[in-house]
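Asker: Have a look at the structure that comes next, please.
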Amino acid sequence: MEFVATQLVNGLAYGVLLFLMSAGLSLIFGLMNVVNIAHGSFFMIGAFCALAIMRWSGSFWLALALSWIPAVIIGIAMERIFIRRLYSRGHLDQVLLTFGFTFVFVDLVRMIWGADIRELAVPDALSGVFNIGGVIIPRYRVFLIAFGGLIALLLWLFLERSRVGAMVRAGVDDAFTANGIGINVQLLFGAVFALGVGLAAVGGTVAGPILGLYPGMDIEILIPAFIVVVVGGMGSLRGAFVASLFVGLVDTFGKAYFPGLALFLIYLLMVIVLLTRPQGLFGVGKA
Amino acid sequence: MTPTPGGDAPAPVSATGIAAAKPVVVVDRAAREPMRRFAAWVALIAGLALVPLTGDYATGLVSEILVFAIFAMSLDLLIGYTGLLSFGHAAFFGVSAYTVVILGVHLGISGWIGLVAGIVVSAITAAIIGFFSIRVTGIPFLMLTMAFAQLLMSVSITWRSVTGGTDGLSGFKRPSLFGMSLDDRAVQFYVVAAGFLFVLWFLRRLIASPLGSIFIGIRENEQRMRAAGYPVDRFKLIAFTLAGSLAGIGGALYALQNAFVSSDILHWALSGDAIIMVILGGVGTVIGPAFGAAIFLMLKHVVSSHTDYWMLAVGAIFILCVIFLPLGFWGVVRSVRARLGK
């Protein structure tokens with residue numbers, strides 16, 4: 001019983017990290033039809049920037065507040081200088097382009113910070129554990145789950161209740177028509193790309209204390225995030241949320257109970273969903 | 001539909017959305033073509049024959065390049081000629097290599113039988129994966145092919161008793177050819193080179209054949225091919241299976257050369273490397289991806305002997321290539337040649 005509770009918390013915490021990655025991935029795909037393979041790179045860049053800020057200031061909170069900024073700047077530059085050039089050429093060229101960037105980013109990170117595995121220190125307020133009736137639960141994971149829930153809520157409010165959010169939804173449904181009724185779709189593309197990159201960077205920062213930091217963490221998180229986006233449905237925030245928690249739990253419990261088989265089951269899930277519901281469980285079919 | 005007739009079809013690639021090239025002007029040089037082509041084959045074979053004289057290191061490097069050239073050329077049949085961006089091509093390369101090593105290590109079966117078995121297994125695997133994957137197009141196709149390859153990788157990681165898991169499977173004894181053991185670098189090289197020449201010849205014939213024209217027609221305009229009455233899905237499956245089998249030749253030769261295989265060989269990173277080779281070398285050309293493999297592996301070995309950051313170089317060159325040289329190295333060579341030929 002204690003074991004199950006611990007795994008539940010671990011699974012949810014991992015699910016939250018997947019959500020921070022896949023929310024942006026999914027929105028970017030839904031709006032721009034671009035599969036950003038470099039999305040994991042921003043997760044990594046966010047984490048390493050947080051490491052730098054913590055070394056300099058010693059404060060986790062400051063790192064959390066600032067670490068996404070360099071990633072977003074790099075992301076905006078990448079979108080404006082490179083990806084935007086290829087809108088006229090088709091989506092597969094853009095995919096190839098972002099794939100090229102994963103090579104560049106991983107080596108830049110290795111160049112600046114080295115190849116060693118590092119860890120972000122947990123702030124004092126979040127270190128230690130809760131002991132609830134014999135169940136030991138690390139405080140940091142509880143914080144992570146609450147933090148992810150808060151971000152999900154804010155994102156939902158932004159998309160469903162704000163004017164800009166309505167524009168984003170219009171763009172996801174039909175970018176061409178949205179452009180026709182006076183929405184600046186190009187600006188919207190850039191803004192959503194930046195938002196997605198920022199979320200990934202924040203995800204990398206909060207992942208730092210539990211997953212560790214190393215060049216290669218980008219690819220490590222990217223594939224499960226892909227699975228989440230495929231299962232949840234491209235362009236659907238609700239889908240990304242539900243699928244993140246689902247994949248996070250399946251992965252964690254699978255690894256605990258059927259090590260080895262877990263990986264197989266998750267890829268099998270991806271294949272089955274792609275074959276039976278290519279638009280994902282929550283996605284809207286696109287013409 | 002107007003399939004491009006004749007030899008090495010000019011390749012305006014729209015598969016990856018890359019802008020079409022100007023049609024290659026065929027002047028009255030056409031009469032000299034067969035002679036030139038014959039001379040090119042002789043030069044290529046002579047050049048390859050001399051490689052083992054350059055010493056073990058260079059021979060090993062060229063051997064590796066040829067193995068991956070086969071892999072990349074087979075992938076280009078999908079990306080460049082049929083318009084299918086597969087992100088899981090490592091599945092067929094890897095399954096074949098595993099077949100050779102597993103049969104050799106666990107059952108003591110000769111590598112030559114393993115070679116045939118590997119190609120057959122990769123053909124079957126490609127037919128099965130292809131059967132499901134061609135139902136979708138574009139990004140879902142990319143994702144699905146990747147998911148299948150990862151599925152196989154997870155099997156190779158889990159099924160330790162047979163595959164050796166992430167540690168890999170070693171202890172494979174290389175076979176011998178006419179009494180000469182493949183442990184010898186030069187013998188190894190000639191076997192790989194023979195495989196390379198076969199795949200090169202086969203692909204050139206295929207692209208020039210009516211079947212090749214149908215593939216190109218699907219790339220250019222799938223809708224119109226359907227309207228013209230071609231069973232497009234069946235031809236896509238044929239292309240996918242052929243490409244998988246050719247990749248299987250590469251994988252089997254990889255196994256004979258390295259006498260070792262680990263789950264990395266099924267990882268999507270290897271599929272990604274092959275895509276980079278195709279784009280760098282020249283998507284939609286037969287020989288281009290071979291140059292791509294050479295560029296990629298030389299960068300890897302040469303740059304990494306000077307600095308740790310070879311991926312940065314590869315990534316930067318790849319990005320510039322996607323933006324400015326969408327037809328790759330061979331596309332540039334070809335357009336220069338066409339201009340000079342005028």
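In the structure tokens, each chain is lettered A, B, ... as it comes, each chain's residues begin at 1, and ligands are numbered from 1 in order of appearance.
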Counting only C-alpha atoms, what are the residues of chain A within 10 Å of chain B, and for each of them which pair of atoms is the nearest and at what distance in Å, to one decimal? Sort the table by chain and rising number, as JSON lines.
Answerer:
{"residue": "A:Phe29", "atom": "CA", "partner": "B:Ile139", "partner_atom": "CA", "distance": 9.9}
{"residue": "A:Asn33", "atom": "CA", "partner": "B:Ile139", "partner_atom": "CA", "distance": 8.7}
{"residue": "A:Val34", "atom": "CA", "partner": "B:Ile139", "partner_atom": "CA", "distance": 8.9}
{"residue": "A:Val35", "atom": "CA", "partner": "B:Ile139", "partner_atom": "CA", "distance": 7.8}
{"residue": "A:Phe82", "atom": "CA", "partner": "B:Ile323", "partner_atom": "CA", "distance": 8.1}
{"residue": "A:Ile83", "atom": "CA", "partner": "B:Ile323", "partner_atom": "CA", "distance": 9.5}
{"residue": "A:Arg85", "atom": "CA", "partner": "B:Ile323", "partner_atom": "CA", "distance": 8.2}
{"residue": "A:Leu86", "atom": "CA", "partner": "B:Ile323", "partner_atom": "CA", "distance": 7.7}
{"residue": "A:Ser88", "atom": "CA", "partner": "B:Gly17", "partner_atom": "CA", "distance": 8.7}
{"residue": "A:Arg89", "atom": "CA", "partner": "B:Gly17", "partner_atom": "CA", "distance": 5.1}
{"residue": "A:Gly90", "atom": "CA", "partner": "B:Gly17", "partner_atom": "CA", "distance": 5.1}
{"residue": "A:His91", "atom": "CA", "partner": "B:Gly17", "partner_atom": "CA", "distance": 7.5}
{"residue": "A:Leu92", "atom": "CA", "partner": "B:Thr16", "partner_atom": "CA", "distance": 5.3}
{"residue": "A:Asp93", "atom": "CA", "partner": "B:Thr16", "partner_atom": "CA", "distance": 5.6}
{"residue": "A:Gln94", "atom": "CA", "partner": "B:Val322", "partner_atom": "CA", "distance": 8.9}
{"residue": "A:Val95", "atom": "CA", "partner": "B:Ile139", "partner_atom": "CA", "distance": 9.0}
{"residue": "A:Leu96", "atom": "CA", "partner": "B:Val322", "partner_atom": "CA", "distance": 7.4}
{"residue": "A:Leu97", "atom": "CA", "partner": "B:Ile319", "partner_atom": "CA", "distance": 5.7}
{"residue": "A:Thr98", "atom": "CA", "partner": "B:Ile319", "partner_atom": "CA", "distance": 8.3}
{"residue": "A:Phe99", "atom": "CA", "partner": "B:Gly272", "partner_atom": "CA", "distance": 8.2}
{"residue": "A:Gly100", "atom": "CA", "partner": "B:Gly315", "partner_atom": "CA", "distance": 4.7}
{"residue": "A:Phe101", "atom": "CA", "partner": "B:Gly315", "partner_atom": "CA", "distance": 6.2}
{"residue": "A:Thr102", "atom": "CA", "partner": "B:Gly315", "partner_atom": "CA", "distance": 7.5}
{"residue": "A:Phe103", "atom": "CA", "partner": "B:Gly315", "partner_atom": "CA", "distance": 4.9}
{"residue": "A:Val104", "atom": "CA", "partner": "B:Leu312", "partner_atom": "CA", "distance": 4.4}
{"residue": "A:Phe105", "atom": "CA", "partner": "B:Leu312", "partner_atom": "CA", "distance": 7.5}
{"residue": "A:Val106", "atom": "CA", "partner": "B:Leu312", "partner_atom": "CA", "distance": 7.8}
{"residue": "A:Asp107", "atom": "CA", "partner": "B:Leu312", "partner_atom": "CA", "distance": 5.4}
{"residue": "A:Leu108", "atom": "CA", "partner": "B:Leu312", "partner_atom": "CA", "distance": 7.2}
{"residue": "A:Arg110", "atom": "CA", "partner": "B:Tyr309", "partner_atom": "CA", "distance": 8.2}
{"residue": "A:Met111", "atom": "CA", "partner": "B:Tyr309", "partner_atom": "CA", "distance": 7.5}
{"residue": "A:Ile219", "atom": "CA", "partner": "B:Ala269", "partner_atom": "CA", "distance": 9.2}
{"residue": "A:Ile223", "atom": "CA", "partner": "B:Ala147", "partner_atom": "CA", "distance": 9.4}
{"residue": "A:Phe226", "atom": "CA", "partner": "B:Met143", "partner_atom": "CA", "distance": 8.3}
{"residue": "A:Ile227", "atom": "CA", "partner": "B:Ala147", "partner_atom": "CA", "distance": 8.7}
{"residue": "A:Val230", "atom": "CA", "partner": "B:Met143", "partner_atom": "CA", "distance": 8.3}
{"residue": "A:Pro259", "atom": "CA", "partner": "B:Thr158", "partner_atom": "CA", "distance": 8.4}
{"residue": "A:Gly260", "atom": "CA", "partner": "B:Thr158", "partner_atom": "CA", "distance": 5.1}
{"residue": "A:Leu261", "atom": "CA", "partner": "B:Thr158", "partner_atom": "CA", "distance": 6.9}
{"residue": "A:Ala262", "atom": "CA", "partner": "B:Ser154", "partner_atom": "CA", "distance": 8.9}
{"residue": "A:Leu263", "atom": "CA", "partner": "B:Ser154", "partner_atom": "CA", "distance": 6.0}
{"residue": "A:Phe264", "atom": "CA", "partner": "B:Ser154", "partner_atom": "CA", "distance": 5.4}
{"residue": "A:Leu265", "atom": "CA", "partner": "B:Leu151", "partner_atom": "CA", "distance": 8.5}
{"residue": "A:Ile266", "atom": "CA", "partner": "B:Leu151", "partner_atom": "CA", "distance": 8.6}
{"residue": "A:Tyr267", "atom": "CA", "partner": "B:Leu151", "partner_atom": "CA", "distance": 5.5}
{"residue": "A:Leu268", "atom": "CA", "partner": "B:Leu151", "partner_atom": "CA", "distance": 6.7}
{"residue": "A:Leu269", "atom": "CA", "partner": "B:Ala147", "partner_atom": "CA", "distance": 9.4}
{"residue": "A:Met270", "atom": "CA", "partner": "B:Ala147", "partner_atom": "CA", "distance": 6.6}
{"residue": "A:Val271", "atom": "CA", "partner": "B:Ala147", "partner_atom": "CA", "distance": 6.1}
{"residue": "A:Ile272", "atom": "CA", "partner": "B:Leu144", "partner_atom": "CA", "distance": 9.3}
{"residue": "A:Val273", "atom": "CA", "partner": "B:Leu144", "partner_atom": "CA", "distance": 9.6}
{"residue": "A:Leu274", "atom": "CA", "partner": "B:Leu144", "partner_atom": "CA", "distance": 6.6}
{"residue": "A:Leu275", "atom": "CA", "partner": "B:Phe132", "partner_atom": "CA", "distance": 7.4}
{"residue": "A:Pro278", "atom": "CA", "partner": "B:Pro140", "partner_atom": "CA", "distance": 6.9}
{"residue": "A:Gln279", "atom": "CA", "partner": "B:Pro140", "partner_atom": "CA", "distance": 8.9}
Asker: Need the shell around region 14-25 of chain A: protein/DNA/RNA residues with any atom at most 7 Å away, counting only C-alpha atoms. Skip same-chain ones fewer than 2 positions apart. Format as a list in words?
Answerer: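 The residues satisfying every condition are Asn10, Gly11, Leu12, Leu27, Ile28, Phe29, Asn36, His39, Ile145, Gly148, Leu195, Gly196, Val197, Leu199, Ala200, Gly203, Ala207, Ala225, Val228, Val229, Leu237, Ala240, Phe241, Ser244, Leu245, Val247, Gly248 and Leu249 of chain A.
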Asker: Counting only C-alpha atoms, figure out which residue out of A:Val192, A:Gly204, A:Gly280, A:Leu159 gets nearest to Gly233 (chain A).
Answerer: A:Gly280
Asker: If you count only C-alpha atoms, which residues fall within 8 Å of Val122 (chain A), apart from same-chain ones fewer than 4 positions away, as a list in words?
Answerer: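 Neighbouring residues, sequence-local ones excluded: Phe60, Leu126, Ser127, Tyr140 and Pro209 of chain A.
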Asker: Could you check how far CA of Met234 (chain A) sits from CA of Thr137 (chain B), in Å to one decimal?
Answerer: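 Atom-to-atom, CA of Met234 (chain A) and CA of Thr137 (chain B) are spaced 14.9 Å apart.
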Asker: Have a look at CA of Ile134 (chain B) and CA of Ala208 (chain B) and let me know their distance in Å, one decimal.
Answerer: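 So the two atoms, CA of Ile134 (chain B) and CA of Ala208 (chain B), lie 23.6 Å apart.
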Asker: Going by DSSP on the backbone, which bits of region 106-310 of chain B are strand (DSSP E)? Write them as an MDAnalysis selection string, please.
Answerer: chainID B and resid 176:177 180:181
Asker: List the spatial neighbours of region 77-79 of chain A as a list in words - criterion: any atom at most 8 Å away, only C-alpha atoms, same-chain residues fewer than 4 positions off excluded.
Answerer: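 Counting only the stated atoms, we get Ile73, Ile83, Arg84, Gly190 and Phe193 of chain A.
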Asker: What's the 10 Å shell around region 242-249 of chain B, counting only C-alpha atoms, without same-chain residues fewer than 6 positions away, as a ChimeraX atom specification?
Answerer: /B:67-78,89-97,99,115-127,129-130,192,195-196,198-199,202-203,236,255
Asker: I want to know what sits within 7 Å of Leu31 (chain A), based on only C-alpha atoms, with residues of the same chain fewer than 6 positions away left out; could you give that as a PDB file with C-alpha atoms, in the first residue's frame?
Answerer:
ATOM      1  CA  GLY A 171      -5.756  29.492 -35.296  1.00  0.00           C
ATOM      2  CA  VAL A 172      -5.645  25.855 -34.248  1.00  0.00           C
ATOM      3  CA  GLY A 235      -3.344  20.707 -30.588  1.00  0.00           C
TER       4      GLY A 235
END
Asker: Find the spatial neighbours of Gln223 (chain B), counting only C-alpha atoms, within a cut-off of 12 Å - ignore same-chain residues fewer than 6 positions away - and output them as a PyMOL selection string.
Answerer: chain B and resi 1+217+229-233
